[in-house]
Structures are given as structure tokens and as C-alpha cells.
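Text of target_19.tsv, listed as TSV, C-alpha atoms:
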chain	number	residue	atom	x	y	z
F	5	MET	CA	-20.57	-16.45	1.93
F	6	TYR	CA	-22.46	-13.39	3.16
F	7	GLU	CA	-22.69	-11.47	-0.14
F	8	ALA	CA	-26.27	-12.43	-1.05
F	9	PHE	CA	-27.56	-11.97	2.50
F	10	TYR	CA	-26.32	-8.35	2.70
F	11	GLY	CA	-26.88	-7.51	-0.97
F	12	PHE	CA	-23.26	-7.28	-2.12
F	13	LYS	CA	-22.19	-7.66	-5.74
F	14	GLU	CA	-18.78	-8.74	-4.44
F	15	ARG	CA	-16.88	-8.85	-1.18
F	16	PRO	CA	-16.31	-5.24	-0.08
F	17	PHE	CA	-13.39	-5.85	2.28
F	18	ALA	CA	-11.18	-8.37	0.49
F	19	LEU	CA	-7.48	-8.07	1.35
F	20	VAL	CA	-6.32	-8.24	-2.28
F	21	PRO	CA	-5.33	-4.69	-3.40
F	22	ASP	CA	-8.15	-3.68	-5.77
F	23	PRO	CA	-7.89	-0.23	-7.39
F	24	SER	CA	-11.64	-0.19	-8.09
F	25	PHE	CA	-12.20	0.03	-4.32
F	26	LEU	CA	-9.56	2.72	-3.71
F	27	TYR	CA	-10.76	5.35	-1.25
F	28	LEU	CA	-8.99	8.62	-1.87
F	29	SER	CA	-8.37	10.09	1.56
F	30	LYS	CA	-6.61	13.43	1.67
F	31	GLY	CA	-3.26	11.65	1.87
F	32	HIS	CA	-3.98	9.08	-0.84
F	33	SER	CA	-5.32	11.76	-3.16
F	34	THR	CA	-2.19	13.86	-2.69
F	35	ALA	CA	0.06	10.85	-3.24
F	36	LEU	CA	-1.75	9.90	-6.47
F	37	THR	CA	-1.54	13.49	-7.74
F	38	LEU	CA	2.20	13.61	-7.04
F	39	LEU	CA	2.74	10.28	-8.79
F	40	ARG	CA	0.92	11.55	-11.87
F	41	TYR	CA	2.93	14.78	-11.76
F	42	SER	CA	6.25	12.97	-11.52
F	43	ILE	CA	5.47	10.77	-14.53
F	44	MET	CA	4.15	13.61	-16.68
F	45	ASN	CA	7.26	15.69	-15.98
F	46	ARG	CA	9.72	12.76	-16.21
F	47	GLN	CA	11.25	13.37	-12.81
F	48	GLY	CA	14.22	11.25	-11.72
F	49	PHE	CA	13.07	9.42	-8.60
F	50	THR	CA	9.78	9.44	-6.71
F	51	VAL	CA	9.39	7.94	-3.23
F	52	VAL	CA	6.10	6.95	-1.57
F	53	SER	CA	6.28	5.42	1.90
F	54	GLY	CA	3.72	4.32	4.44
F	55	GLU	CA	3.01	1.86	7.22
F	56	VAL	CA	2.28	-1.80	6.47
F	57	GLY	CA	-1.29	-2.05	5.17
F	58	SER	CA	-1.70	1.68	4.52
F	59	GLY	CA	-2.81	1.23	0.89
F	60	LYS	CA	0.44	1.76	-1.01
F	61	THR	CA	0.04	-1.22	-3.34
F	62	THR	CA	-3.60	-0.35	-4.06
F	63	LEU	CA	-2.41	3.13	-4.99
F	64	VAL	CA	0.22	1.68	-7.32
F	65	ASN	CA	-2.40	-0.58	-8.93
F	66	ARG	CA	-4.60	2.45	-9.54
F	67	LEU	CA	-1.67	4.22	-11.19
F	68	LEU	CA	-0.99	1.16	-13.36
F	69	ASP	CA	-4.62	1.15	-14.47
F	70	GLU	CA	-4.24	4.75	-15.59
F	71	MET	CA	-1.00	4.09	-17.50
F	72	LYS	CA	-2.15	1.33	-19.84
F	73	THR	CA	-1.32	3.40	-22.92
F	74	GLY	CA	1.37	5.94	-23.76
F	75	VAL	CA	3.75	4.85	-20.99
F	76	THR	CA	6.05	1.82	-20.79
F	77	VAL	CA	5.89	0.45	-17.25
F	78	GLY	CA	7.96	-2.19	-15.49
F	79	LEU	CA	6.96	-3.48	-12.05
F	80	ILE	CA	9.22	-5.21	-9.54
F	81	ASN	CA	7.73	-6.61	-6.35
F	82	PHE	CA	8.42	-9.46	-3.94
F	83	THR	CA	11.80	-7.87	-3.26
F	84	THR	CA	14.38	-9.34	-0.87
F	85	ARG	CA	17.97	-8.55	0.06
F	86	SER	CA	19.07	-11.70	-1.80
F	87	PHE	CA	17.42	-10.49	-4.97
F	88	GLY	CA	20.47	-11.14	-7.13
F	89	ASP	CA	21.45	-9.08	-10.18
F	90	MET	CA	19.14	-6.05	-10.30
F	91	ALA	CA	19.74	-5.58	-14.04
F	92	GLU	CA	18.24	-8.99	-14.78
F	93	TRP	CA	15.11	-8.23	-12.77
F	94	ILE	CA	14.67	-4.88	-14.49
F	95	MET	CA	15.03	-6.48	-17.93
F	96	MET	CA	12.48	-9.13	-16.95
F	97	ALA	CA	10.08	-6.44	-15.71
F	98	TYR	CA	9.92	-5.07	-19.26
F	99	GLY	CA	9.81	-8.46	-20.96
F	100	LEU	CA	13.33	-8.07	-22.37
F	101	PRO	CA	15.81	-10.95	-22.91
F	102	TYR	CA	18.20	-11.29	-19.95
F	103	LYS	CA	19.42	-14.88	-19.72
F	104	ASN	CA	23.07	-15.72	-20.35
F	105	LYS	CA	24.08	-12.05	-20.61
F	106	GLY	CA	26.79	-10.23	-18.72
F	107	LYS	CA	26.24	-6.97	-16.84
F	108	VAL	CA	27.74	-4.82	-19.58
F	109	GLU	CA	25.54	-6.39	-22.25
F	110	LEU	CA	22.45	-6.06	-20.05
F	111	TYR	CA	23.21	-2.40	-19.43
F	112	GLU	CA	23.72	-1.69	-23.13
F	113	ASP	CA	20.53	-3.54	-24.10
F	114	PHE	CA	18.50	-1.61	-21.51
F	115	VAL	CA	19.93	1.73	-22.61
F	116	GLN	CA	19.04	0.99	-26.22
F	117	PHE	CA	15.54	-0.04	-25.10
F	118	MET	CA	15.07	3.28	-23.28
F	119	ILE	CA	16.32	5.25	-26.28
F	120	ARG	CA	13.83	3.47	-28.57
F	121	GLU	CA	10.95	4.17	-26.20
F	122	TYR	CA	11.98	7.80	-25.81
F	123	ALA	CA	12.10	8.23	-29.59
F	124	ALA	CA	8.59	6.75	-29.79
F	125	GLY	CA	7.33	9.25	-27.20
F	126	ARG	CA	6.73	6.64	-24.52
F	127	PRO	CA	8.19	7.46	-21.07
F	128	VAL	CA	9.82	4.48	-19.35
F	129	VAL	CA	8.70	4.06	-15.73
F	130	LEU	CA	10.06	1.51	-13.25
F	131	ILE	CA	7.97	0.87	-10.12
F	132	VAL	CA	9.65	-0.99	-7.25
F	133	ASP	CA	7.27	-2.13	-4.50
F	134	GLU	CA	8.61	-2.95	-1.01
F	135	ALA	CA	11.79	-1.14	-2.04
F	136	GLN	CA	13.13	-1.09	1.52
F	137	ASN	CA	14.02	-4.77	1.09
F	138	LEU	CA	16.60	-4.03	-1.61
F	139	GLY	CA	19.06	-2.43	0.78
F	140	VAL	CA	21.82	-0.02	-0.24
F	141	ARG	CA	23.28	-2.30	-2.92
F	142	GLY	CA	20.02	-2.88	-4.78
F	143	LEU	CA	19.03	0.78	-4.74
F	144	GLU	CA	22.47	1.82	-5.96
F	145	GLU	CA	22.19	-0.60	-8.90
F	146	ILE	CA	18.91	1.03	-9.89
F	147	ARG	CA	20.48	4.47	-9.68
F	148	MET	CA	23.33	3.42	-11.94
F	149	LEU	CA	20.92	2.02	-14.53
F	150	SER	CA	18.88	5.22	-14.48
F	151	ASN	CA	21.78	7.60	-15.17
F	152	VAL	CA	21.07	7.93	-18.89
F	153	ASN	CA	19.40	11.17	-19.99
F	154	ALA	CA	18.54	12.97	-23.23
F	155	GLN	CA	17.67	16.60	-23.93
F	156	LYS	CA	17.57	17.50	-20.21
F	157	GLU	CA	15.25	14.56	-19.39
F	158	TYR	CA	16.00	11.25	-17.71
F	159	LEU	CA	15.14	8.28	-19.90
F	160	LEU	CA	14.04	6.26	-16.86
F	161	HIS	CA	11.70	7.43	-14.14
F	162	VAL	CA	11.87	5.34	-10.96
F	163	ILE	CA	9.09	5.12	-8.37
F	164	LEU	CA	10.17	3.58	-5.06
F	165	VAL	CA	7.33	2.39	-2.81
F	166	GLY	CA	8.00	1.04	0.64
F	167	GLN	CA	7.55	0.97	4.39
F	168	PRO	CA	8.89	3.69	6.73
F	169	GLU	CA	12.23	1.88	6.79
F	170	LEU	CA	12.72	3.05	3.21
F	171	ARG	CA	12.93	6.66	4.35
F	172	SER	CA	15.57	5.75	6.93
F	173	LEU	CA	17.51	3.79	4.33
F	174	LEU	CA	17.51	6.69	1.88
F	175	GLN	CA	18.99	8.97	4.52
F	176	THR	CA	22.17	6.88	4.80
F	177	GLN	CA	25.42	8.34	3.55
F	178	GLN	CA	25.88	5.60	0.94
F	179	LEU	CA	22.71	6.67	-0.91
F	180	ARG	CA	23.29	10.42	-0.95
F	181	GLN	CA	23.67	10.46	-4.75
F	182	LEU	CA	20.29	8.77	-5.15
F	183	THR	CA	18.50	11.04	-2.66
F	184	GLN	CA	19.76	14.12	-4.47
F	185	ARG	CA	17.79	12.93	-7.47
F	186	VAL	CA	14.53	12.41	-5.56
F	187	SER	CA	12.20	15.11	-6.82
F	188	VAL	CA	8.95	13.93	-5.20
F	189	ALA	CA	8.59	12.24	-1.81
F	190	PHE	CA	5.45	11.59	0.20
F	191	HIS	CA	4.59	9.59	3.32
F	192	LEU	CA	1.08	8.14	3.66
F	193	LYS	CA	-0.42	8.67	7.09
F	194	THR	CA	-3.02	6.37	8.62
F	195	LEU	CA	-6.68	7.36	8.30
F	196	THR	CA	-8.42	9.65	10.77
F	197	ASP	CA	-11.59	8.47	12.52
F	198	LEU	CA	-13.70	10.44	10.05
F	199	GLU	CA	-11.79	8.95	7.13
F	200	VAL	CA	-12.31	5.44	8.55
F	201	GLU	CA	-16.06	6.07	8.50
F	202	GLN	CA	-15.87	7.38	4.93
F	203	TYR	CA	-13.61	4.47	3.92
F	204	ILE	CA	-16.08	1.86	5.20
F	205	THR	CA	-19.04	3.65	3.59
F	206	HIS	CA	-17.16	3.93	0.29
F	207	ARG	CA	-16.39	0.21	0.13
F	208	LEU	CA	-19.93	-0.78	1.16
F	209	THR	CA	-21.57	1.32	-1.53
F	210	THR	CA	-19.00	0.34	-4.17
F	211	ALA	CA	-19.90	-3.30	-3.50
F	212	GLY	CA	-23.62	-2.48	-3.86
F	213	ALA	CA	-24.82	-2.49	-0.24
F	214	SER	CA	-26.34	0.13	2.04
F	215	ALA	CA	-24.04	2.75	3.52
F	216	GLU	CA	-25.79	2.21	6.89
F	217	LEU	CA	-24.95	-1.50	7.14
F	218	PHE	CA	-22.36	-0.80	9.85
F	219	GLU	CA	-23.79	1.04	12.86
F	220	PRO	CA	-21.92	4.17	14.04
F	221	ALA	CA	-20.83	2.51	17.29
F	222	ALA	CA	-19.38	-0.41	15.33
F	223	ILE	CA	-17.43	1.95	13.08
F	224	ARG	CA	-16.01	3.77	16.11
F	225	LEU	CA	-14.75	0.46	17.53
F	226	ILE	CA	-13.16	-0.47	14.21
F	227	ALA	CA	-11.49	2.94	13.90
F	228	ALA	CA	-9.99	2.64	17.39
F	229	ALA	CA	-8.84	-0.97	17.00
F	230	SER	CA	-7.35	-0.52	13.52
F	231	ASN	CA	-5.44	2.70	14.26
F	232	GLY	CA	-6.66	3.85	10.85
F	233	ILE	CA	-4.76	1.17	8.88
F	234	PRO	CA	-6.86	0.15	5.84
F	235	ARG	CA	-5.76	-3.49	5.83
F	236	LEU	CA	-6.85	-3.96	9.44
F	237	ILE	CA	-10.11	-2.12	8.75
F	238	ASN	CA	-10.78	-4.59	5.93
F	239	THR	CA	-10.02	-7.55	8.18
F	240	PHE	CA	-12.26	-6.37	11.03
F	241	CYS	CA	-15.12	-5.44	8.71
F	242	ASP	CA	-14.96	-8.69	6.75
F	243	LEU	CA	-15.02	-10.85	9.88
F	244	SER	CA	-17.78	-8.72	11.43
F	245	LEU	CA	-19.91	-9.45	8.37
F	246	VAL	CA	-19.26	-13.18	8.81
F	247	TYR	CA	-20.27	-12.99	12.47
F	248	GLY	CA	-23.35	-10.94	11.60
F	249	PHE	CA	-24.32	-13.38	8.85
F	250	SER	CA	-24.02	-16.33	11.24
F	251	GLU	CA	-26.61	-14.67	13.50
F	252	GLU	CA	-28.68	-13.29	10.60
F	253	LYS	CA	-28.21	-9.76	11.87
F	254	PRO	CA	-29.56	-7.13	9.42
F	255	THR	CA	-26.89	-4.63	10.47
F	256	ILE	CA	-23.44	-4.89	12.03
F	257	GLY	CA	-23.28	-3.42	15.51
F	258	PRO	CA	-20.68	-3.15	18.27
F	259	THR	CA	-21.56	-6.66	19.51
F	260	GLU	CA	-20.25	-8.28	16.33
F	261	VAL	CA	-17.14	-6.10	16.22
F	262	ARG	CA	-16.29	-6.79	19.87
F	263	ALA	CA	-16.64	-10.52	19.21
F	264	VAL	CA	-14.20	-10.28	16.28
F	265	LEU	CA	-11.68	-8.31	18.31
F	266	GLU	CA	-11.88	-10.62	21.31
F	267	ASP	CA	-11.34	-13.71	19.19
F	268	ARG	CA	-8.39	-12.13	17.41
F	269	ARG	CA	-6.91	-11.12	20.73
F	270	ARG	CA	-7.12	-14.70	21.97
F	271	MET	CA	-5.19	-15.73	18.87
F	272	GLY	CA	-2.53	-13.10	19.53
F	273	LEU	CA	-3.48	-11.20	16.34
F	274	PRO	CA	-3.69	-7.39	15.92
F	275	ALA	CA	-6.94	-6.19	17.47
F	276	GLY	CA	-6.18	-2.89	19.18
F	277	ALA	CA	-6.91	-2.22	22.84
F	278	ALA	CA	-9.30	-4.58	24.63
F	279	PRO	CA	-12.95	-3.48	24.30
F	280	VAL	CA	-14.78	-2.69	27.52
F	281	GLY	CA	-17.11	-5.44	28.70
F	282	ALA	CA	-17.40	-9.14	28.06
F	283	ALA	CA	-17.14	-10.63	24.60
F	284	SER	CA	-20.33	-11.27	22.70
F	285	PRO	CA	-21.63	-14.86	22.47
F	286	VAL	CA	-21.50	-14.38	18.70
F	287	GLY	CA	-17.73	-14.71	18.83
F	288	ALA	CA	-18.00	-17.90	20.87
F	289	ALA	CA	-20.36	-19.40	18.31
F	290	VAL	CA	-18.23	-18.51	15.32
F	291	GLY	CA	-14.73	-18.90	16.74
F	292	ALA	CA	-15.04	-21.32	19.66
F	293	ALA	CA	-11.83	-23.06	18.72
F	294	SER	CA	-9.79	-20.00	19.59
F	295	ALA	CA	-11.04	-19.86	23.18
F	296	ALA	CA	-8.49	-22.37	24.44
F	297	ILE	CA	-5.54	-20.20	23.46
F	298	PRO	CA	-4.22	-18.04	26.34
F	299	THR	CA	-4.88	-14.34	26.04
F	300	PRO	CA	-1.62	-12.41	25.57
F	301	PRO	CA	-1.06	-9.25	27.62
F	302	VAL	CA	-2.68	-6.20	26.09
F	303	GLY	CA	0.03	-3.83	24.97
F	304	ALA	CA	0.01	-0.14	24.35
F	305	ALA	CA	-1.35	1.27	21.14
F	306	SER	CA	0.91	0.84	18.14
F	307	ALA	CA	3.76	3.29	17.80
F	308	ALA	CA	2.85	6.52	16.09
F	309	ILE	CA	4.02	7.10	12.56
F	310	PRO	CA	6.66	9.83	12.34
F	311	THR	CA	5.01	13.16	11.83
F	312	THR	CA	5.10	14.13	8.15
F	313	PRO	CA	3.16	16.89	6.38
F	314	ASP	CA	0.20	15.67	4.28
F	315	ALA	CA	1.85	17.10	1.21
F	316	PRO	CA	5.29	18.42	0.44
F	317	SER	CA	5.74	22.16	0.29
F	318	SER	CA	6.78	21.84	-3.32
F	319	PRO	CA	6.75	18.69	-5.46
F	320	ALA	CA	10.25	19.49	-6.67
F	321	THR	CA	11.79	19.98	-3.23
F	322	SER	CA	9.95	17.60	-0.89
F	323	SER	CA	11.89	16.35	2.12
F	324	LEU	CA	12.44	12.68	2.79
F	325	GLY	CA	12.64	13.28	6.51
Before we go any further, please render this structure as C-alpha cells.
Amino acid sequence: MYEAFYGFKERPFALVPDPSFLYLSKGHSTALTLLRYSIMNRQGFTVVSGEVGSGKTTLVNRLLDEMKTGVTVGLINFTTRSFGDMAEWIMMAYGLPYKNKGKVELYEDFVQFMIREYAAGRPVVLIVDEAQNLGVRGLEEIRMLSNVNAQKEYLLHVILVGQPELRSLLQTQQLRQLTQRVSVAFHLKTLTDLEVEQYITHRLTTAGASAELFEPAAIRLIAAASNGIPRLINTFCDLSLVYGFSEEKPTIGPTEVRAVLEDRRRMGLPAGAAPVGAASPVGAAVGAASAAIPTPPVGAASAAIPTTPDAPSSPATSSLG
């Protein structure tokens, strides 16, 4: 819609996780390095957690792009507590036959598959996105399937990616055997104000536009309203570009951002604290339909993420806490 007007090759703030747009903040860079390390050294389990919208899936997609050759990767996503037999999903993730087979046969087939891949020099990696949804039972099934090792190396390396609830789940007594095998663990923090500015600039220039398209005051508003969560930054920036395009504004200023935030607040959607001053008429022109919806009370800023070091003291001994 606005791509040609602002000189974009493609939309810079689409919500679909796109590894080509990945901005490597300090935290994301550390997480990617640890993921590479864990795969190269065939560690048992790796855990990466972070708030909703913090860029975990984009990070996984970047890792998948890097592992197109030399590594056999299976990906499980869209997880739920009613997922069913975990062995079947794992077999399906690797394109292996799984229908009309019992658990013992599935286990034996998967073990033989891992042995063949190991003999061919191809590490087997299983990535489970939104792993917190599996619960204790699902995670225990994965641990049981990953018990096979050869010559001091595990035949299956498991990467668990999930929301902060995953860390709490892993600290339960029932999963103590699994947590003892976690060699790398890292929690993604939200972006700082400076990183938000760099994030926006990175995505603008990657899409082919000017780095100065968003005015500094607009970026400050976005940083405050998003709490440094990349998905919300994308949403606010994308809508601000729509509002700016509707008024043929050459740059995006605080007026457009305030209009976006006010309209989202009327809809009861995440928009941070209320901006000072009246909403811009731009928002009324673009989103007049939302004006009739009562404005919900403005709550406090979102709860802070539990304090976690940017990087573990040692990749082999990182704490899950």
C-alpha cells in the first residue's frame, strides 16, 4: 500500500518472522551464538526463552537458514497440551513413516534413523517452538526419545524455544532429569531504547528506504509504548506508515504515532501508556470506526521480565533461573 510512496522494496515491518530482517541486538546475537555452539558441540538440550513477540521464532528461522546442509533438522511448532503421541510428531517432523505403528516400533525406527544420520556425519537436531505448551508429559517424552548416545555424544540434540513459562516448567521436580541435561540456556530480554532505534533503522534500510524516515520523537514514542518488544514495534511502525501515507507525509513524526496509539487504545489493544495531549486528526481520518468503542482504563506498564544476565557465565553451566 505505502511501499512505492516511501521507496520500499517490501514491507519493512511485516509480522511474519523473516530471518532476512533479523536485527541482532546484544541479546539476540548472544542467543544465536549459543545456538550455533550447542549444535556444533552436540549438546543434549538447549533452552531459549523470551516474552511473547521478542523475536524467538525469527531467531529460529535464521538458524534454520544456516543449517540447510550438513545437519538433519526437525521442527515442531503449533504445540498444545493435547498434542497426542510425541513420538508420532517427531517422526513426522523428519518425514519418517509413523502411521499405524506402536510406540515401541516408533522408538526403534527413530533410533535407527539417528544411528544412520550419525554414521553419515549429520547431527540430528529437533527444534520445538512454543515448548511451554507441551507440559511435563510432552517434555518427558522428548527426553526419553533423546536418551540414545554414541561415543560420548548424544545422537539427538534438542532445542526448546518458549515463553517465560517454559523456564518455570523446567524448574518443576518432575523434569529434574531433563534439566540436568540442559547445557545451554538463555533468556531474551526486550530491547533497550537505543536498540529500538537501531532496530527500526535496520528494518527501514533493509527494505530500501531512508534511515531517517521515522523522526526521533516518533521513535521515542514507539520505544516507550512497545516496551521494547519487536512484534509491537513492527505493529506500531507499520500502522504509522499507513497513517503517514494517508496524509502524504514525507516522514513519520510523533503525530502519526500518537494517532496509532490512541486508536489502538480505543480498541483495547496493546498501546503502552496514554500519550500526552489530544489524538491527532490523522487517526480520526484513518480509524474513525474505532472511535465509538469505549476507552478502557489505562493500566500500569507491562510487568517486567525476570532479571536474567545477557549471557550465561559459561555455555556449559548456564542457569535456567
Is it possible to get the residues within 12 Å of (-24.4, -16.2, 10.7) (coordinates as in the file, counting only C-alpha atoms) written as an MDAnalysis selection string? chainID F and resid 5:7 9:10 243:256 260 286:287 289:291
Mind checking which residues fall within 12 Å of Leu68 of chain F, counting only C-alpha atoms, ignoring those fewer than 2 positions away in the same chain, and posting them as a PDB file with C-alpha atoms, in the frame of the given file?
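Written file, part07.pdb:
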ATOM      1  CA  ASP F  22      -8.150  -3.680  -5.770  1.00  0.00           C
ATOM      2  CA  PRO F  23      -7.890  -0.230  -7.390  1.00  0.00           C
ATOM      3  CA  SER F  24     -11.640  -0.190  -8.090  1.00  0.00           C
ATOM      4  CA  LEU F  36      -1.750   9.900  -6.470  1.00  0.00           C
ATOM      5  CA  LEU F  39       2.740  10.280  -8.790  1.00  0.00           C
ATOM      6  CA  ARG F  40       0.920  11.550 -11.870  1.00  0.00           C
ATOM      7  CA  ILE F  43       5.470  10.770 -14.530  1.00  0.00           C
ATOM      8  CA  THR F  61       0.040  -1.220  -3.340  1.00  0.00           C
ATOM      9  CA  THR F  62      -3.600  -0.350  -4.060  1.00  0.00           C
ATOM     10  CA  LEU F  63      -2.410   3.130  -4.990  1.00  0.00           C
ATOM     11  CA  VAL F  64       0.220   1.680  -7.320  1.00  0.00           C
ATOM     12  CA  ASN F  65      -2.400  -0.580  -8.930  1.00  0.00           C
ATOM     13  CA  ARG F  66      -4.600   2.450  -9.540  1.00  0.00           C
ATOM     14  CA  GLU F  70      -4.240   4.750 -15.590  1.00  0.00           C
ATOM     15  CA  MET F  71      -1.000   4.090 -17.500  1.00  0.00           C
ATOM     16  CA  LYS F  72      -2.150   1.330 -19.840  1.00  0.00           C
ATOM     17  CA  THR F  73      -1.320   3.400 -22.920  1.00  0.00           C
ATOM     18  CA  GLY F  74       1.370   5.940 -23.760  1.00  0.00           C
ATOM     19  CA  VAL F  75       3.750   4.850 -20.990  1.00  0.00           C
ATOM     20  CA  THR F  76       6.050   1.820 -20.790  1.00  0.00           C
ATOM     21  CA  VAL F  77       5.890   0.450 -17.250  1.00  0.00           C
ATOM     22  CA  GLY F  78       7.960  -2.190 -15.490  1.00  0.00           C
ATOM     23  CA  LEU F  79       6.960  -3.480 -12.050  1.00  0.00           C
ATOM     24  CA  VAL F 129       8.700   4.060 -15.730  1.00  0.00           C
ATOM     25  CA  LEU F 130      10.060   1.510 -13.250  1.00  0.00           C
ATOM     26  CA  ILE F 131       7.970   0.870 -10.120  1.00  0.00           C
ATOM     27  CA  ILE F 163       9.090   5.120  -8.370  1.00  0.00           C
TER      28      ILE F 163
END
Item checked: Among listed residues F:Pro234, F:Ala91, F:Glu201, F:Lys103, nearest Pro220 of chain F (using only C-alpha atoms) ->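 Closest to Pro220 of chain F, using only C-alpha atoms: F:Glu201.
For the pair atom CA of Leu179 of chain F and atom CA of Gln167 of chain F, the interatomic distance is 17.0 Å.
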query: Between atom CA of Val165 of chain F and atom CA of Met90 of chain F, what is the distance, to one decimal in Å?
result: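 For atom CA of Val165 of chain F relative to atom CA of Met90 of chain F, the distance reads 16.3 Å.
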Near-Leu160 of chain F list (9 Å; only C-alpha atoms; drop same-chain fewer than 3 positions) as a list of chain:residue names
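These residues fall inside the cut-off: F:Arg46, F:Gln47, F:Gly48, F:Phe49, F:Met118, F:Pro127, F:Val128, F:Val129, F:Leu130, F:Leu149, F:Ser150, F:Asn151, F:Val152, F:Asn153, F:Glu157.
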Requested in this report: For Ile237 of chain F, list every protein, DNA or RNA residue within 12 Å, evaluated using only C-alpha atoms, and leave out those in the same chain fewer than 4 positions away; present the list as an MDAnalysis selection string.
Outcome: chainID F and resid 16:19 57:59 194:195 197 199:205 207 222:233 241:244 261 264:265 274:276
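Applying the 12 Å criterion to (22.4, -12.2, -19.7) in file coordinates and using all atoms listed in the file, one obtains the residues Asp89, Met90, Ala91, Glu92, Trp93, Ile94, Met95, Met96, Leu100, Pro101, Tyr102, Lys103, Asn104, Lys105, Gly106, Lys107, Val108, Glu109, Leu110, Tyr111, Glu112, Asp113 and Phe114 of chain F.
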Which residues come within 9 Å of Pro168 of chain F, counting all atoms listed in the file, excluding same-chain residues fewer than 2 positions away, as a PDB file with C-alpha atoms, keeping the file's coordinate frame?
ATOM      1  CA  SER F  53       6.280   5.420   1.900  1.00  0.00           C
ATOM      2  CA  GLY F  54       3.720   4.320   4.440  1.00  0.00           C
ATOM      3  CA  GLU F  55       3.010   1.860   7.220  1.00  0.00           C
ATOM      4  CA  VAL F  56       2.280  -1.800   6.470  1.00  0.00           C
ATOM      5  CA  GLN F 136      13.130  -1.090   1.520  1.00  0.00           C
ATOM      6  CA  GLY F 166       8.000   1.040   0.640  1.00  0.00           C
ATOM      7  CA  LEU F 170      12.720   3.050   3.210  1.00  0.00           C
ATOM      8  CA  ARG F 171      12.930   6.660   4.350  1.00  0.00           C
ATOM      9  CA  SER F 172      15.570   5.750   6.930  1.00  0.00           C
ATOM     10  CA  LEU F 173      17.510   3.790   4.330  1.00  0.00           C
ATOM     11  CA  HIS F 191       4.590   9.590   3.320  1.00  0.00           C
ATOM     12  CA  ILE F 309       4.020   7.100  12.560  1.00  0.00           C
ATOM     13  CA  PRO F 310       6.660   9.830  12.340  1.00  0.00           C
TER      14      PRO F 310
END
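Of the listed residues (F:Gln184, F:Thr209, F:Gln177, F:Asn45), F:Asn45 comes nearest to Leu159 of chain F; the distances count only C-alpha atoms.
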> In Å to one decimal, how far is atom CA of Tyr122 of chain F from atom CA of Met44 of chain F?
Replying inline: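 Answer for the atom CA of Met44 of chain F to atom CA of Tyr122 of chain F separation: 13.4 Å.
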| task | Using only C-alpha atoms, pick whichever of F:Ala211, F:Leu236, F:Ala221, F:Leu67 has the shortest atom-to-atom distance to Arg15 of chain F. | result |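 Comparing F:Ala211, F:Leu236, F:Ala221, F:Leu67 against Arg15 of chain F, the winner is F:Ala211.
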Around segment 241-249 of chain F, fit a box with edges along x, y and z, padding it by 6 Å on each side, then list its centre and edge lengths in Å to one decimal as AutoDock Vina command-line options.
--center_x -19.6 --center_y -9.4 --center_z 9.6 --size_x 21.4 --size_y 19.9 --size_z 17.7
Using only C-alpha atoms: which of F:Thr83, F:Glu14, F:Glu145, F:Ser29 has the shortest distance to Leu198 of chain F
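The shortest atom-to-atom distance to Leu198 of chain F comes from F:Ser29.
Proximity to Asp267 of chain F was assessed for F:His206, F:Leu26, F:Phe240, F:Gly99 counting all atoms listed in the file; the smallest distance is recorded for F:Phe240.
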Kindly indicate which residue among F:Arg147, F:Arg268, F:Lys13, F:Lys156 lies nearest to Arg185 of chain F, using all atoms listed in the file for the distances.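 Ranking F:Arg147, F:Arg268, F:Lys13, F:Lys156 by distance to Arg185 of chain F, first place goes to F:Arg147.
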